[in-house]
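Below is my_file11.pdb, which holds PDB, C-alpha atoms, pLDDT in the B column.
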```pdb
MODEL        1
ATOM      1  CA  MET A 157     -84.789  49.996  12.000  1.00 58.00           C
ATOM      2  CA  THR A 158     -86.021  50.737  15.479  1.00 91.00           C
ATOM      3  CA  VAL A 159     -86.222  54.015  17.355  1.00 97.00           C
ATOM      4  CA  SER A 160     -84.702  53.871  20.827  1.00 97.00           C
ATOM      5  CA  ALA A 161     -83.828  55.903  23.883  1.00 97.00           C
ATOM      6  CA  ARG A 162     -80.415  56.495  22.284  1.00 98.00           C
ATOM      7  CA  ASP A 163     -82.183  58.308  19.463  1.00 98.00           C
ATOM      8  CA  LEU A 164     -83.880  60.526  22.045  1.00 98.00           C
ATOM      9  CA  ASP A 165     -80.447  61.189  23.586  1.00 98.00           C
ATOM     10  CA  SER A 166     -79.128  62.194  20.169  1.00 98.00           C
ATOM     11  CA  ALA A 167     -82.117  64.464  19.513  1.00 98.00           C
ATOM     12  CA  MET A 168     -81.681  66.087  22.941  1.00 98.00           C
ATOM     13  CA  SER A 169     -78.012  66.761  22.232  1.00 98.00           C
ATOM     14  CA  THR A 170     -78.860  68.263  18.830  1.00 98.00           C
ATOM     15  CA  VAL A 171     -81.504  70.572  20.288  1.00 98.00           C
ATOM     16  CA  ASP A 172     -79.301  71.590  23.198  1.00 98.00           C
ATOM     17  CA  SER A 173     -76.351  72.383  20.922  1.00 97.00           C
ATOM     18  CA  ALA A 174     -78.484  74.487  18.573  1.00 97.00           C
ATOM     19  CA  LEU A 175     -80.552  76.372  21.146  1.00 98.00           C
ATOM     20  CA  ARG A 176     -78.329  76.866  24.196  1.00 98.00           C
ATOM     21  CA  PRO A 177     -76.250  79.567  22.467  1.00 97.00           C
ATOM     22  CA  ALA A 178     -79.487  81.514  21.901  1.00 97.00           C
ATOM     23  CA  VAL A 179     -80.872  81.543  25.464  1.00 97.00           C
ATOM     24  CA  ASP A 180     -79.922  85.201  25.764  1.00 97.00           C
ATOM     25  CA  HIS A 181     -82.566  86.032  23.111  1.00 96.00           C
ATOM     26  CA  ASP A 182     -86.151  86.980  23.957  1.00 96.00           C
ATOM     27  CA  TRP A 183     -87.930  83.625  23.467  1.00 97.00           C
ATOM     28  CA  ALA A 184     -91.295  85.181  24.365  1.00 95.00           C
ATOM     29  CA  ALA A 185     -91.045  87.527  21.382  1.00 93.00           C
ATOM     30  CA  ALA A 186     -89.382  85.224  18.844  1.00 93.00           C
ATOM     31  CA  PRO A 187     -91.690  83.104  16.658  1.00 94.00           C
ATOM     32  CA  GLY A 188     -91.772  79.378  17.322  1.00 93.00           C
ATOM     33  CA  THR A 189     -94.424  76.980  16.018  1.00 91.00           C
ATOM     34  CA  GLY A 190     -97.414  78.499  14.231  1.00 91.00           C
ATOM     35  CA  THR A 191     -98.731  81.300  16.415  1.00 94.00           C
ATOM     36  CA  TRP A 192     -96.657  80.213  19.429  1.00 97.00           C
ATOM     37  CA  SER A 193     -93.508  81.959  20.566  1.00 97.00           C
ATOM     38  CA  CYS A 194     -90.252  80.044  21.052  1.00 98.00           C
ATOM     39  CA  TRP A 195     -91.000  80.025  24.790  1.00 98.00           C
ATOM     40  CA  SER A 196     -94.495  78.538  24.237  1.00 98.00           C
ATOM     41  CA  THR A 197     -93.108  75.977  21.810  1.00 98.00           C
ATOM     42  CA  ALA A 198     -90.560  74.818  24.412  1.00 98.00           C
ATOM     43  CA  ASP A 199     -93.396  74.654  26.955  1.00 98.00           C
ATOM     44  CA  HIS A 200     -95.368  72.427  24.566  1.00 98.00           C
ATOM     45  CA  VAL A 201     -92.385  70.125  24.001  1.00 98.00           C
ATOM     46  CA  GLY A 202     -91.751  69.652  27.718  1.00 98.00           C
ATOM     47  CA  ASP A 203     -95.422  68.902  28.389  1.00 98.00           C
ATOM     48  CA  CYS A 204     -95.686  66.432  25.494  1.00 97.00           C
ATOM     49  CA  LEU A 205     -92.567  64.491  26.433  1.00 98.00           C
ATOM     50  CA  LEU A 206     -93.544  64.259  30.098  1.00 98.00           C
ATOM     51  CA  SER A 207     -96.996  63.119  28.988  1.00 98.00           C
ATOM     52  CA  TYR A 208     -95.511  60.373  26.797  1.00 98.00           C
ATOM     53  CA  ALA A 209     -93.413  59.156  29.734  1.00 98.00           C
ATOM     54  CA  ALA A 210     -96.506  59.131  31.950  1.00 98.00           C
ATOM     55  CA  GLN A 211     -98.383  57.093  29.351  1.00 98.00           C
ATOM     56  CA  LEU A 212     -95.672  54.418  29.407  1.00 97.00           C
ATOM     57  CA  VAL A 213     -95.685  54.299  33.209  1.00 97.00           C
ATOM     58  CA  ALA A 214     -99.456  54.216  33.780  1.00 97.00           C
ATOM     59  CA  ARG A 215    -100.404  52.463  30.494  1.00 97.00           C
ATOM     60  CA  PRO A 216    -103.997  53.698  30.156  1.00 97.00           C
ATOM     61  CA  SER A 217    -105.802  52.214  27.170  1.00 96.00           C
ATOM     62  CA  THR A 218    -108.448  54.846  26.438  1.00 97.00           C
ATOM     63  CA  ARG A 219    -107.102  58.249  27.521  1.00 97.00           C
ATOM     64  CA  TYR A 220    -104.128  60.346  28.496  1.00 96.00           C
ATOM     65  CA  VAL A 221    -102.954  60.406  32.103  1.00 97.00           C
ATOM     66  CA  ARG A 222    -104.826  63.398  33.532  1.00 95.00           C
ATOM     67  CA  PHE A 223    -102.225  66.072  34.179  1.00 93.00           C
ATOM     68  CA  LEU A 224    -100.645  69.083  32.547  1.00 91.00           C
ATOM     69  CA  ALA A 225     -97.022  70.073  32.957  1.00 95.00           C
ATOM     70  CA  SER A 226     -96.087  73.625  32.117  1.00 96.00           C
ATOM     71  CA  LEU A 227     -93.429  76.218  32.608  1.00 97.00           C
ATOM     72  CA  ASP A 228     -93.726  78.733  35.372  1.00 96.00           C
ATOM     73  CA  LYS A 229     -94.890  81.976  33.748  1.00 95.00           C
ATOM     74  CA  ASP A 230     -91.670  83.711  34.818  1.00 96.00           C
ATOM     75  CA  ALA A 231     -89.339  81.026  33.434  1.00 97.00           C
ATOM     76  CA  SER A 232     -86.402  82.343  31.441  1.00 97.00           C
ATOM     77  CA  ALA A 233     -85.407  81.111  27.991  1.00 98.00           C
ATOM     78  CA  ALA A 234     -82.698  78.948  29.571  1.00 98.00           C
ATOM     79  CA  GLU A 235     -85.309  77.472  31.908  1.00 98.00           C
ATOM     80  CA  ALA A 236     -87.686  76.869  28.987  1.00 98.00           C
ATOM     81  CA  LEU A 237     -84.962  74.910  27.202  1.00 98.00           C
ATOM     82  CA  GLU A 238     -84.207  73.057  30.439  1.00 98.00           C
ATOM     83  CA  PHE A 239     -87.888  72.071  30.751  1.00 98.00           C
ATOM     84  CA  ALA A 240     -88.036  70.686  27.204  1.00 98.00           C
ATOM     85  CA  LEU A 241     -84.798  68.732  27.675  1.00 98.00           C
ATOM     86  CA  THR A 242     -85.893  67.475  31.099  1.00 98.00           C
ATOM     87  CA  GLY A 243     -89.055  66.051  29.539  1.00 98.00           C
ATOM     88  CA  ALA A 244     -86.891  64.369  26.911  1.00 98.00           C
ATOM     89  CA  GLY A 245     -84.564  62.901  29.525  1.00 98.00           C
ATOM     90  CA  ILE A 246     -87.441  61.511  31.562  1.00 98.00           C
ATOM     91  CA  LEU A 247     -89.006  60.014  28.438  1.00 98.00           C
ATOM     92  CA  ALA A 248     -85.670  58.441  27.426  1.00 98.00           C
ATOM     93  CA  SER A 249     -85.285  56.901  30.904  1.00 98.00           C
ATOM     94  CA  THR A 250     -88.856  55.601  30.782  1.00 98.00           C
ATOM     95  CA  VAL A 251     -88.348  54.094  27.314  1.00 98.00           C
ATOM     96  CA  ARG A 252     -85.175  52.356  28.571  1.00 97.00           C
ATOM     97  CA  THR A 253     -86.998  50.713  31.467  1.00 97.00           C
ATOM     98  CA  ALA A 254     -90.358  49.937  29.834  1.00 96.00           C
ATOM     99  CA  ALA A 255     -91.123  46.371  28.846  1.00 94.00           C
ATOM    100  CA  PRO A 256     -90.904  45.994  25.048  1.00 88.00           C
ATOM    101  CA  GLY A 257     -94.502  44.742  24.989  1.00 92.00           C
ATOM    102  CA  ALA A 258     -95.862  47.707  26.949  1.00 96.00           C
ATOM    103  CA  ARG A 259     -98.694  49.559  25.219  1.00 97.00           C
ATOM    104  CA  ALA A 260    -100.396  52.823  26.120  1.00 98.00           C
ATOM    105  CA  TYR A 261    -102.989  55.126  24.640  1.00 97.00           C
ATOM    106  CA  HIS A 262    -102.220  57.662  21.977  1.00 97.00           C
ATOM    107  CA  PRO A 263    -104.796  58.985  19.484  1.00 96.00           C
ATOM    108  CA  THR A 264    -102.678  57.541  16.647  1.00 95.00           C
ATOM    109  CA  GLY A 265    -102.799  54.008  18.049  1.00 94.00           C
ATOM    110  CA  MET A 266    -101.795  52.025  21.128  1.00 97.00           C
ATOM    111  CA  ALA A 267     -98.131  52.938  21.185  1.00 97.00           C
ATOM    112  CA  ASP A 268     -95.194  50.847  22.337  1.00 97.00           C
ATOM    113  CA  PRO A 269     -91.939  52.226  23.823  1.00 97.00           C
ATOM    114  CA  GLU A 270     -90.482  52.605  20.322  1.00 97.00           C
ATOM    115  CA  GLY A 271     -93.538  54.584  19.233  1.00 97.00           C
ATOM    116  CA  PHE A 272     -93.244  56.967  22.179  1.00 98.00           C
ATOM    117  CA  ALA A 273     -89.500  57.311  21.519  1.00 98.00           C
ATOM    118  CA  GLY A 274     -90.306  58.179  17.910  1.00 98.00           C
ATOM    119  CA  MET A 275     -92.944  60.699  18.948  1.00 98.00           C
ATOM    120  CA  GLY A 276     -90.453  62.241  21.342  1.00 98.00           C
ATOM    121  CA  CYS A 277     -87.835  62.546  18.608  1.00 98.00           C
ATOM    122  CA  VAL A 278     -90.328  64.219  16.272  1.00 98.00           C
ATOM    123  CA  GLU A 279     -91.406  66.672  18.981  1.00 98.00           C
ATOM    124  CA  LEU A 280     -87.811  67.519  19.880  1.00 98.00           C
ATOM    125  CA  LEU A 281     -86.398  67.804  16.391  1.00 98.00           C
ATOM    126  CA  VAL A 282     -89.274  69.433  14.547  1.00 98.00           C
ATOM    127  CA  HIS A 283     -90.266  71.873  17.272  1.00 98.00           C
ATOM    128  CA  GLY A 284     -86.576  72.389  18.034  1.00 98.00           C
ATOM    129  CA  GLU A 285     -86.166  73.467  14.415  1.00 97.00           C
ATOM    130  CA  ASP A 286     -89.223  75.729  14.745  1.00 97.00           C
ATOM    131  CA  ILE A 287     -87.563  77.431  17.723  1.00 98.00           C
ATOM    132  CA  ALA A 288     -84.180  77.563  16.006  1.00 97.00           C
ATOM    133  CA  ARG A 289     -85.635  79.292  12.954  1.00 95.00           C
ATOM    134  CA  GLY A 290     -87.288  81.878  15.179  1.00 96.00           C
ATOM    135  CA  LEU A 291     -83.910  82.544  16.789  1.00 96.00           C
ATOM    136  CA  GLY A 292     -81.967  82.630  13.525  1.00 95.00           C
ATOM    137  CA  THR A 293     -80.198  79.282  13.847  1.00 94.00           C
ATOM    138  CA  THR A 294     -80.798  75.720  12.611  1.00 92.00           C
ATOM    139  CA  LEU A 295     -80.583  72.139  13.806  1.00 95.00           C
ATOM    140  CA  ASP A 296     -78.282  69.561  12.232  1.00 97.00           C
ATOM    141  CA  PRO A 297     -79.519  66.201  13.562  1.00 98.00           C
ATOM    142  CA  SER A 298     -78.110  62.747  12.885  1.00 98.00           C
ATOM    143  CA  ARG A 299     -79.402  61.573   9.529  1.00 98.00           C
ATOM    144  CA  ASP A 300     -79.500  57.995  10.851  1.00 97.00           C
ATOM    145  CA  VAL A 301     -81.827  59.095  13.663  1.00 98.00           C
ATOM    146  CA  CYS A 302     -84.004  60.985  11.188  1.00 98.00           C
ATOM    147  CA  ALA A 303     -84.182  57.941   8.877  1.00 97.00           C
ATOM    148  CA  ARG A 304     -85.235  55.635  11.731  1.00 97.00           C
ATOM    149  CA  VAL A 305     -87.831  58.113  12.994  1.00 98.00           C
ATOM    150  CA  LEU A 306     -89.222  58.670   9.506  1.00 97.00           C
ATOM    151  CA  ALA A 307     -89.506  54.917   8.834  1.00 96.00           C
ATOM    152  CA  ARG A 308     -91.199  54.220  12.179  1.00 97.00           C
ATOM    153  CA  MET A 309     -93.480  57.232  12.509  1.00 97.00           C
ATOM    154  CA  PHE A 310     -94.347  57.950   8.864  1.00 96.00           C
ATOM    155  CA  PRO A 311     -94.414  54.572   7.083  1.00 95.00           C
ATOM    156  CA  ASP A 312     -97.021  55.943   4.650  1.00 91.00           C
ATOM    157  CA  VAL A 313     -94.423  58.239   3.032  1.00 92.00           C
ATOM    158  CA  ALA A 314     -91.019  56.894   4.118  1.00 90.00           C
ATOM    159  CA  ALA A 315     -90.456  54.727   1.035  1.00 89.00           C
ATOM    160  CA  GLU A 316     -91.324  57.493  -1.417  1.00 88.00           C
ATOM    161  CA  LEU A 317     -88.857  59.811   0.348  1.00 89.00           C
ATOM    162  CA  ALA A 318     -85.941  57.358   0.305  1.00 89.00           C
ATOM    163  CA  ASP A 319     -84.050  59.482  -2.232  1.00 91.00           C
ATOM    164  CA  ILE A 320     -84.216  62.632  -0.060  1.00 93.00           C
ATOM    165  CA  ASP A 321     -81.970  63.663   2.830  1.00 96.00           C
ATOM    166  CA  PRO A 322     -83.690  62.111   5.916  1.00 97.00           C
ATOM    167  CA  TRP A 323     -83.799  65.420   7.831  1.00 97.00           C
ATOM    168  CA  THR A 324     -85.368  67.169   4.852  1.00 96.00           C
ATOM    169  CA  ALA A 325     -87.819  64.264   4.521  1.00 95.00           C
ATOM    170  CA  LEU A 326     -88.796  64.488   8.206  1.00 97.00           C
ATOM    171  CA  LEU A 327     -89.401  68.216   7.903  1.00 96.00           C
ATOM    172  CA  TRP A 328     -91.532  67.604   4.803  1.00 95.00           C
ATOM    173  CA  ALA A 329     -93.460  64.775   6.509  1.00 96.00           C
ATOM    174  CA  THR A 330     -94.416  67.221   9.279  1.00 96.00           C
ATOM    175  CA  ASP A 331     -95.379  69.969   6.797  1.00 93.00           C
ATOM    176  CA  ARG A 332     -92.483  72.299   7.617  1.00 94.00           C
ATOM    177  CA  ILE A 333     -91.010  72.663   4.113  1.00 92.00           C
ATOM    178  CA  ASP A 334     -91.661  72.197   0.421  1.00 89.00           C
ATOM    179  CA  VAL A 335     -89.864  69.425  -1.431  1.00 86.00           C
ATOM    180  CA  PRO A 336     -89.331  69.880  -5.169  1.00 83.00           C
ATOM    181  CA  GLY A 337     -91.914  67.900  -7.100  1.00 83.00           C
ATOM    182  CA  ARG A 338     -94.033  67.316  -3.997  1.00 82.00           C
ATOM    183  CA  GLY A 339     -95.018  70.760  -2.751  1.00 80.00           C
ATOM    184  CA  ARG A 340     -96.213  70.934   0.863  1.00 84.00           C
ATOM    185  CA  ARG A 341     -97.644  67.877   2.541  1.00 85.00           C
ATOM    186  CA  GLY A 342    -100.544  69.601   4.255  1.00 82.00           C
ATOM    187  CA  ASP A 343    -102.367  67.404   6.754  1.00 86.00           C
ATOM    188  CA  TRP A 344    -100.166  64.816   8.404  1.00 90.00           C
ATOM    189  CA  ARG A 345    -100.353  62.243  11.163  1.00 92.00           C
ATOM    190  CA  TRP A 346     -97.740  59.902  12.526  1.00 95.00           C
ATOM    191  CA  ARG A 347     -98.305  56.268  13.433  1.00 95.00           C
ATOM    192  CA  GLY A 348     -98.272  55.572  17.157  1.00 94.00           C
ATOM    193  CA  ALA A 349     -99.073  51.870  16.999  1.00 94.00           C
ATOM    194  CA  PRO A 350     -96.285  49.412  16.174  1.00 94.00           C
ATOM    195  CA  LEU A 351     -95.773  48.687  12.511  1.00 89.00           C
ATOM    196  CA  GLY A 352     -97.678  45.587  11.449  1.00 84.00           C
ATOM    197  CA  GLU A 353    -100.413  46.010  14.049  1.00 81.00           C
TER     198      GLU A 353
ENDMDL
END
```
Could you spell out this file's structure in structure tokens?
Amino acid sequence: MTVSARDLDSAMSTVDSALRPAVDHDWAAAPGTGTWSCWSTADHVGDCLLSYAAQLVARPSTRYVRFLASLDKDASAAEALEFALTGAGILASTVRTAAPGARAYHPTGMADPEGFAGMGCVELLVHGEDIARGLGTTLDPSRDVCARVLARMFPDVAAELADIDPWTALLWATDRIDVPGRGRRGDWRWRGAPLGE
């Protein structure tokens, strides 16, 4: 089970479908992730995904590429969504063209293109759900995508969650929900490095 640029495409489509109907809401006032608004959460997603693409292009081994991408302070909700999806599209294109053996720095291990694709899917889907909840809607992602992302990014818990809906399992793995019999996960960390390394 590998995570690919097609999975990023699917995650982008899911986020776009769920959030585009809500761009007439006040994203600066609606809650997003933690103490962030929906607008700030979208800003974070766009920055992260552009950063992951930059990592795959430059391939530093000990640090992030030194830049920050952020929304213009006057960006609308529609433009905030556009920024997050643009970052996802650039990351998907970069994953498609990167050599399979490419490796680049991430604090969770020297990541390969699949690892950055998986990170991108987690950022899009989980933060997309954070935004959706703040706006009164929900995401309904592909369960196959969620299963691949869970297996690649959270191998420490994927097997024990095999009997749970993959989207529910991914939300639990990122401490977004309780799962009966397991409570909240609490601290979590994904695996950036390829499995087996």
> Near Trp192 in chain A, counting all atoms listed in the file, which residues have an atom at most 12 Å away, once you skip same-chain residues fewer than 4 positions from it, shown as a ChimeraX atom specification?
Replying inline: /A:183-188,196-201,283,286-287,290
>> What's around Gly274 in chain A at 10 Å? Count all atoms listed in the file, leave out sequence neighbours fewer than 5 positions away in its own chain, and write the answer as a list in words.
In response: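 Selected residues are Thr158, Val159, Ser160, Ala161, Asp163, Leu164, Ala267, Asp268, Pro269, Glu279, Leu280, Val301, Cys302, Arg304, Val305, Leu306, Ala307, Arg308, Met309, Phe310, Trp346, Arg347 and Gly348 of chain A.
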> Out of A:Leu281, A:Val221, A:Leu247, A:Ala288, which residue has the shortest atom-to-atom distance to His262 in chain A when counting only C-alpha atoms?
Replying inline: A:Val221
> Can you tell me how far CA of Ser226 in chain A sits from CA of Ser207 in chain A, in Å to one decimal?
Replying inline: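 Interatomic distance here is 11.0 Å.
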>> If the PyMOL selection byres ((chain A and resi 217) around 10) were run on this exact file, what residues would it hold? Put them as number ranges by chain.
In response: A: 211, 214-216, 218-221, 259-262, 265-267
